[in-house]
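Asks: Got a structure for you, questions after.
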Amino acid sequence: MDLLDTLTAKGLRGEVPTREEALAVLATTDDELLDVVAAAGKVRRRWFGRRVKLNYLVNLKSGLCPEDCSYCSQRLGSKAEILKYTWLKPDQAADAARAGVAGGAKRVCLVASGRGPTDRDIDRVTDTMAAIKDADPEVEICVCLGLLSDNQAERLKAAGADAYNHNLNTSENTYGAITKTHTYADRVDTVQKAHGAGLSACSGLIAGMGESDEDLVDVVFALRELGSDSVPVNFLIPFEGTPLAKEWNLTPQRCLRILAMVRFVNPDTEVRIAGGREVHLRTMQPLGLHIANSIFLGDYLTSEGQAGQADLDMIKDAGFEVEGAGEATLPRHRADVAEAAQAGGGCGTAASACGSGGGCGPCGGHSHAPAPVQETATESPEDDDELRSDLVKVRRRGAGTELAPNA
Ligand code: SF4
C-alpha cells in the first residue's frame with residue numbers, strides 16, 4: 001500500500017507526514033488494520049526499540065474541581081461516585097509513588113484537580129517531590145496541576161520536577177464545546193510556560209468525545225508543533241454522572257488507527273497509551289504496544305486499570321521489555337533539543353526537530369458462491385451503553401484510601 005510505504009519511510013527518517021496522509025490513516029479499513037499496525041510498528045522500533053516506558057499516576061487531590069471539562073469525572077457538578085479528597089501529605093504521596101516505582105515505573109505523575117495551583121500548592125508539591133526523590137533520586141517526576149501562572153513552572157523546575165503535563169485534549173475548533181471555564185489558548189499558554197522553564201512538555205489528547213477525524217489530526221499536529229516530548233493518547237472513559245457518559249464512539253480498531261496516526265505524526269516522540277486503554281482496546285492492548293512506547297502502570301486518577309502485574313505480563317508476552325531507569329526514553333537528537341532547552345531555560349521549540357510549524361471484518365455474505373471480498377466501512381460505533389458501562393470501574397484503592405495501590 002503506497003500510503004503505508006510512504007508513512008513508514010518518512011517515519012524512519014523522523015519526518016512528519018502531510019495532514020492528508022494522517023487523515024488517510026484514520027480512513028483505512030479493517031482489512032488494512034494489521035498493515036497499519038505493522039507500518040507504525042516499524043517506526044516505533046526505529047526510535048524506541050522494544051522498550052515500554054511505565055508511568056505511575058498519583059492523584060494528589062481528587063474531585064471537587066471548579067472547572068467544567070465535560071469528559072472529567074472530577075468536574076464541577078460531576079455526579080460520578082469517585083473518591084474525593086484534598087491534598088495528600090507528602091509522605092502519603094511518596095508511599096504511593098514508591099509502590100509504582102517498585103512495580104517498574106520510571107516516571108511518577110503527580111496530579112491534582114483544579115483550575116491551577118496557588119503558590120501554597122506549589123510549596124506542597126515541592127515537599128512531595130522532595131519526599132519522593134529522597135527515597136529514589138532517579139525517579140522522573142511529572143507534575144500536572146492545571147493552568148500555570150507566571151514563575152510557577154520555574155519554581156517546579158527548581159524544586160526538581162522533570163516534566164509538566166497539560167493536555168490540549170482536542171482541536172482548537174472544538175475546544176469550546178467541551179469546556180467553557182477555560183480556553184484552548186489557556187492550555188497552549190501553560191504548555192509553553194512549562195517548556196519555557198525547561199520542563200519536558202507532556203501534552204496529549206482525548207479521543208472518543210464525538211470529534212471528527214479532522215479534529216484529531218488538528219490536535220496531533222498542534223502537539224507536534226508545541227514540541228511535546230510525550231503525547232498521552234487518552235480514550236474517553238465515559239463516566240456515569242458526566243455529560244459525556246453516553247459517548248461510546250470507539251472500537252479497538254479505531255483506537256489502533258488513532259494510535260498509528262499519532263505515531264506517524266510523532267515518529268520520534270514518546271507516544272503513551274493513557275486512560276481508557278483497558279476500556280476501549282480491551283483484548284487488543286498488546287497490538288497497541290507495537291505502536292506506542294509508553295503506558296500507565298496500574299490504576300488511573302479516578303478509575304481502576306487492570307492489575308499492575310497484568311500490565312507487566314502483557315509487555316513480556318508481547319515481546320517487549322520495561323524501560324529501565326538508566327535508559328533514555330527519547331532518541332538522542334530529541335534529548336539534545338530537550339537538554340538545550342533546559343540549559344537555556346527557553347522553549348527551544350522542539351519545533352526545530354519537528355518539521356511542521358504548533359471499528360468489522362470482511363462481510364463476504366453467506367452466499368454459497370464466493371462473492372468478492374468487500375472492504376467494510378471503517379467504523380462500527382459502540383451503541384450499547386448498558387453493555388459497555390460495566391467496563392468503567394471507579395478507583396477504590398491506592399492514594400486517598402486505606403488500601404494498597406495497584407502497581
Ligand atoms: S481542570 Fe482538570 S480536574 Fe478540573 S474538570 Fe478539567 S480536567 Fe477535570
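Each chain of the C-alpha cells is named A, B, ... in the order shown, its residues numbered from 1; ligands are numbered from 1 in display order.
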Identify, on the basis of only C-alpha atoms, every residue whose closest approach to region 61-76 of chain A does not exceed 7 Å; exclude the query and any residue fewer than 3 positions from it along the same chain; express the result as a PyMOL selection string.

Replies: chain A and resi 80+83-88+112-115+178-181+239+242-244

Asks: Extract, using only C-alpha atoms, all DNA, RNA and protein residues at most 12 Å from region 131-136 of chain A, discarding same-chain residues fewer than 5 positions from it, and format them as number ranges by chain.

Replies: A: 58, 89-102, 105-110, 124-126, 141-142, 159-162, 325

Asks: Export C-alpha atoms of the chosen residues as a CSV table (one decimal), in the first residue's frame?

Replies:
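The resulting file, result_16.csv, is reproduced below:
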```csv
chain,number,residue,atom,x,y,z
A,58,VAL,CA,-0.6,9.6,42.0
A,89,LYS,CA,0.5,14.7,52.7
A,90,PRO,CA,4.0,14.3,51.2
A,91,ASP,CA,4.6,11.0,52.9
A,92,GLN,CA,1.3,9.6,51.7
A,93,ALA,CA,2.1,10.6,48.1
A,94,ALA,CA,5.6,9.2,48.5
A,95,ASP,CA,4.3,5.9,49.7
A,96,ALA,CA,2.0,5.6,46.6
A,97,ALA,CA,4.9,6.7,44.3
A,98,ARG,CA,7.2,4.1,45.9
A,99,ALA,CA,4.7,1.4,45.0
A,100,GLY,CA,4.7,2.4,41.4
A,101,VAL,CA,8.4,2.6,41.2
A,102,ALA,CA,8.7,-0.9,42.8
A,105,ALA,CA,7.6,2.7,36.7
A,106,LYS,CA,10.4,5.1,35.9
A,107,ARG,CA,8.2,8.2,35.9
A,108,VAL,CA,5.7,9.3,38.6
A,109,CYS,CA,3.0,11.6,37.6
A,110,LEU,CA,1.7,13.9,40.4
A,124,ARG,CA,3.1,21.3,48.9
A,125,VAL,CA,4.2,19.7,45.6
A,126,THR,CA,7.8,20.8,46.3
A,141,ILE,CA,8.6,13.3,38.2
A,142,CYS,CA,6.0,14.9,36.0
A,159,ALA,CA,12.3,22.0,43.0
A,160,GLY,CA,13.2,19.0,40.9
A,161,ALA,CA,10.3,18.4,38.5
A,162,ASP,CA,11.4,16.9,35.3
A,325,ALA,CA,15.6,3.9,35.0
```

Asks: Taking only region 142-268 of chain A into account, list the residues labelled strand (DSSP E) by DSSP (computed from the backbone), as a VMD selection string.

Replies: chain A and resid 142 to 144 163 to 165 200 to 202 205 to 207 230 to 235

Asks: Looking only at alpha helix (DSSP H) from DSSP on the backbone, list the matching residues of region 49-220 of chain A as an MDAnalysis selection string.

Replies: chainID A and resid 90:102 119:135 152:158 172:178 184:196 213:220

Asks: Let me make sure I understand: among A:Val265, A:Val111, A:Leu391, A:Leu216, which one has the smallest atom-to-atom distance to ligand 1 if we use only C-alpha atoms and all ligand atoms?

Replies: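 Looking only at the distances to ligand 1, the closest residue turns out to be A:Val111.
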
Asks: Using only C-alpha atoms, which residues sit within 10 Å of Leu312 (chain A) once same-chain residues fewer than 3 positions away are excluded, as a CSV table (one decimal) with all heavy atoms, in the first residue's frame?

Replies:
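Result saved to part29.csv:
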```
chain,number,residue,atom,x,y,z
A,52,VAL,N,9.2,-0.4,26.7
A,52,VAL,CA,8.0,0.2,27.1
A,52,VAL,C,8.2,1.0,28.4
A,52,VAL,O,8.7,0.5,29.4
A,52,VAL,CB,6.9,-0.8,27.3
A,52,VAL,CG1,5.6,-0.1,27.8
A,52,VAL,CG2,6.6,-1.6,26.1
A,54,LEU,N,7.1,2.8,31.6
A,54,LEU,CA,6.0,2.7,32.6
A,54,LEU,C,5.9,4.0,33.4
A,54,LEU,O,6.9,4.5,33.9
A,54,LEU,CB,6.1,1.5,33.5
A,54,LEU,CG,6.0,0.1,32.9
A,54,LEU,CD1,6.2,-1.0,33.9
A,54,LEU,CD2,4.6,0.0,32.2
A,103,GLY,N,7.0,-1.3,41.2
A,103,GLY,CA,6.3,-2.1,40.1
A,103,GLY,C,7.0,-2.0,38.8
A,103,GLY,O,6.6,-2.7,37.8
A,104,GLY,N,7.9,-1.0,38.6
A,104,GLY,CA,8.6,-0.9,37.4
A,104,GLY,C,8.5,0.5,36.7
A,104,GLY,O,9.1,0.7,35.6
A,297,LEU,N,1.1,2.3,34.4
A,297,LEU,CA,1.1,1.1,35.1
A,297,LEU,C,-0.1,1.2,36.1
A,297,LEU,O,-0.3,2.2,36.8
A,297,LEU,CB,2.4,0.9,35.9
A,297,LEU,CG,2.5,-0.2,36.9
A,297,LEU,CD1,2.6,-1.6,36.1
A,297,LEU,CD2,3.7,-0.1,37.8
A,298,GLY,N,-0.9,0.1,36.2
A,298,GLY,CA,-1.9,0.0,37.2
A,298,GLY,C,-3.1,1.0,37.0
A,298,GLY,O,-3.7,1.0,35.9
A,307,ALA,N,-4.7,-5.1,36.7
A,307,ALA,CA,-3.7,-5.3,37.7
A,307,ALA,C,-2.3,-4.9,37.1
A,307,ALA,O,-2.1,-5.2,36.0
A,307,ALA,CB,-3.7,-6.7,38.2
A,308,GLY,N,-1.5,-4.3,38.0
A,308,GLY,CA,-0.2,-3.9,37.5
A,308,GLY,C,0.6,-5.1,37.0
A,308,GLY,O,1.3,-5.0,36.0
A,309,GLN,N,0.4,-6.3,37.6
A,309,GLN,CA,1.1,-7.5,37.2
A,309,GLN,C,0.6,-7.9,35.8
A,309,GLN,O,1.4,-8.4,35.0
A,309,GLN,CB,0.9,-8.6,38.1
A,309,GLN,CG,1.7,-9.9,37.8
A,309,GLN,CD,3.2,-9.6,37.8
A,309,GLN,OE1,3.8,-9.0,38.7
A,309,GLN,NE2,3.9,-10.0,36.7
A,315,ILE,N,3.3,-7.0,28.6
A,315,ILE,CA,4.5,-6.4,28.0
A,315,ILE,C,5.5,-7.6,27.6
A,315,ILE,O,6.0,-7.7,26.5
A,315,ILE,CB,5.2,-5.4,28.9
A,315,ILE,CG1,4.3,-4.1,29.0
A,315,ILE,CG2,6.6,-5.1,28.4
A,315,ILE,CD1,4.7,-3.2,30.1
A,316,LYS,N,5.7,-8.5,28.6
A,316,LYS,CA,6.6,-9.6,28.4
A,316,LYS,C,6.0,-10.5,27.3
A,316,LYS,O,6.8,-11.0,26.4
A,316,LYS,CB,6.8,-10.3,29.7
A,316,LYS,CG,7.8,-11.4,29.6
A,316,LYS,CD,8.1,-12.0,31.0
A,316,LYS,CE,9.1,-13.1,30.9
A,316,LYS,NZ,9.2,-13.9,32.1
A,317,ASP,N,4.8,-10.9,27.4
A,317,ASP,CA,4.2,-11.8,26.5
A,317,ASP,C,4.2,-11.3,25.0
A,317,ASP,O,4.3,-12.1,24.1
A,317,ASP,CB,2.7,-12.1,26.8
A,317,ASP,CG,2.6,-13.0,28.1
A,317,ASP,OD1,3.6,-13.5,28.6
A,317,ASP,OD2,1.5,-13.1,28.6
A,320,PHE,N,8.0,-7.4,24.5
A,320,PHE,CA,8.6,-6.1,24.8
A,320,PHE,C,9.3,-6.1,26.1
A,320,PHE,O,9.2,-7.1,26.8
A,320,PHE,CB,7.5,-5.0,24.7
A,320,PHE,CG,7.0,-4.7,23.4
A,320,PHE,CD1,5.8,-5.5,22.9
A,320,PHE,CD2,7.6,-3.8,22.5
A,320,PHE,CE1,5.3,-5.3,21.6
A,320,PHE,CE2,7.1,-3.6,21.2
A,320,PHE,CZ,6.0,-4.3,20.8
A,321,GLU,N,10.0,-5.1,26.5
A,321,GLU,CA,10.6,-5.0,27.8
A,321,GLU,C,10.4,-3.7,28.5
A,321,GLU,O,10.3,-2.7,27.8
A,321,GLU,CB,12.1,-5.3,27.6
A,321,GLU,CG,12.8,-4.3,26.7
A,321,GLU,CD,14.2,-4.8,26.2
A,321,GLU,OE1,14.3,-6.1,26.0
A,321,GLU,OE2,15.0,-4.0,25.9
A,322,VAL,N,10.4,-3.7,29.8
A,322,VAL,CA,10.2,-2.5,30.5
A,322,VAL,C,11.4,-1.6,30.5
A,322,VAL,O,12.5,-2.1,30.7
A,322,VAL,CB,9.8,-2.8,32.0
A,322,VAL,CG1,9.7,-1.5,32.8
A,322,VAL,CG2,8.5,-3.6,32.0
A,407,ALA,N,-0.1,-1.6,41.6
A,407,ALA,CA,1.1,-1.3,40.9
A,407,ALA,C,1.9,-2.6,40.6
A,407,ALA,O,1.8,-3.6,41.4
A,407,ALA,CB,2.0,-0.4,41.6
```

Asks: Excluding Val271 (chain A) and its own-chain neighbours fewer than 2 positions away, which residues fall within 9 Å of it when counting only C-alpha atoms? Please give them as number ranges by chain.

Replies: A: 204, 229-233, 259, 262-263, 266-269, 273, 291-295

Asks: Which polymer residues have any atom within 10 Å of an atom of region 14-20 of chain A, counting only C-alpha atoms, with same-chain residues fewer than 5 positions away left out, as a list of chain:residue names?

Replies: A:Thr6, A:Leu7, A:Thr8, A:Ala9, A:Val25, A:Val43, A:Arg46, A:Trp47, A:Glu214, A:Val217, A:Asp218, A:Val220, A:Phe221, A:Arg224, A:Met261, A:Arg263, A:Phe264, A:Val265, A:Asn266, A:Pro267, A:Asp268, A:Thr269, A:Ala353, A:Cys354, A:Gly355, A:Ser356

Asks: Point out the residue among A:Val279, A:Cys202, A:Ile82, A:Leu289 with the least atom-to-atom distance to Phe48 (chain A), counting only C-alpha atoms.

Replies: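 Among the listed residues, the smallest separation from Phe48 (chain A) belongs to A:Leu289.
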
Asks: May I ask which of the residues A:Leu301, A:Ala201, A:Ala158, A:Ala40 is the closest one to Ala399 (chain A), counting only C-alpha atoms?

Replies: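 Distance minimum relative to Ala399 (chain A) lands on A:Leu301.
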
Asks: Name the residues in contact with Arg282 (chain A) at a cut-off of 12 Å, using only C-alpha atoms, excluding same-chain residues fewer than 2 positions from it; report them as a PyMOL selection string.

Replies: chain A and resi 235+250-253+255-256+276-280+284-288+305-306+314+388+391-392
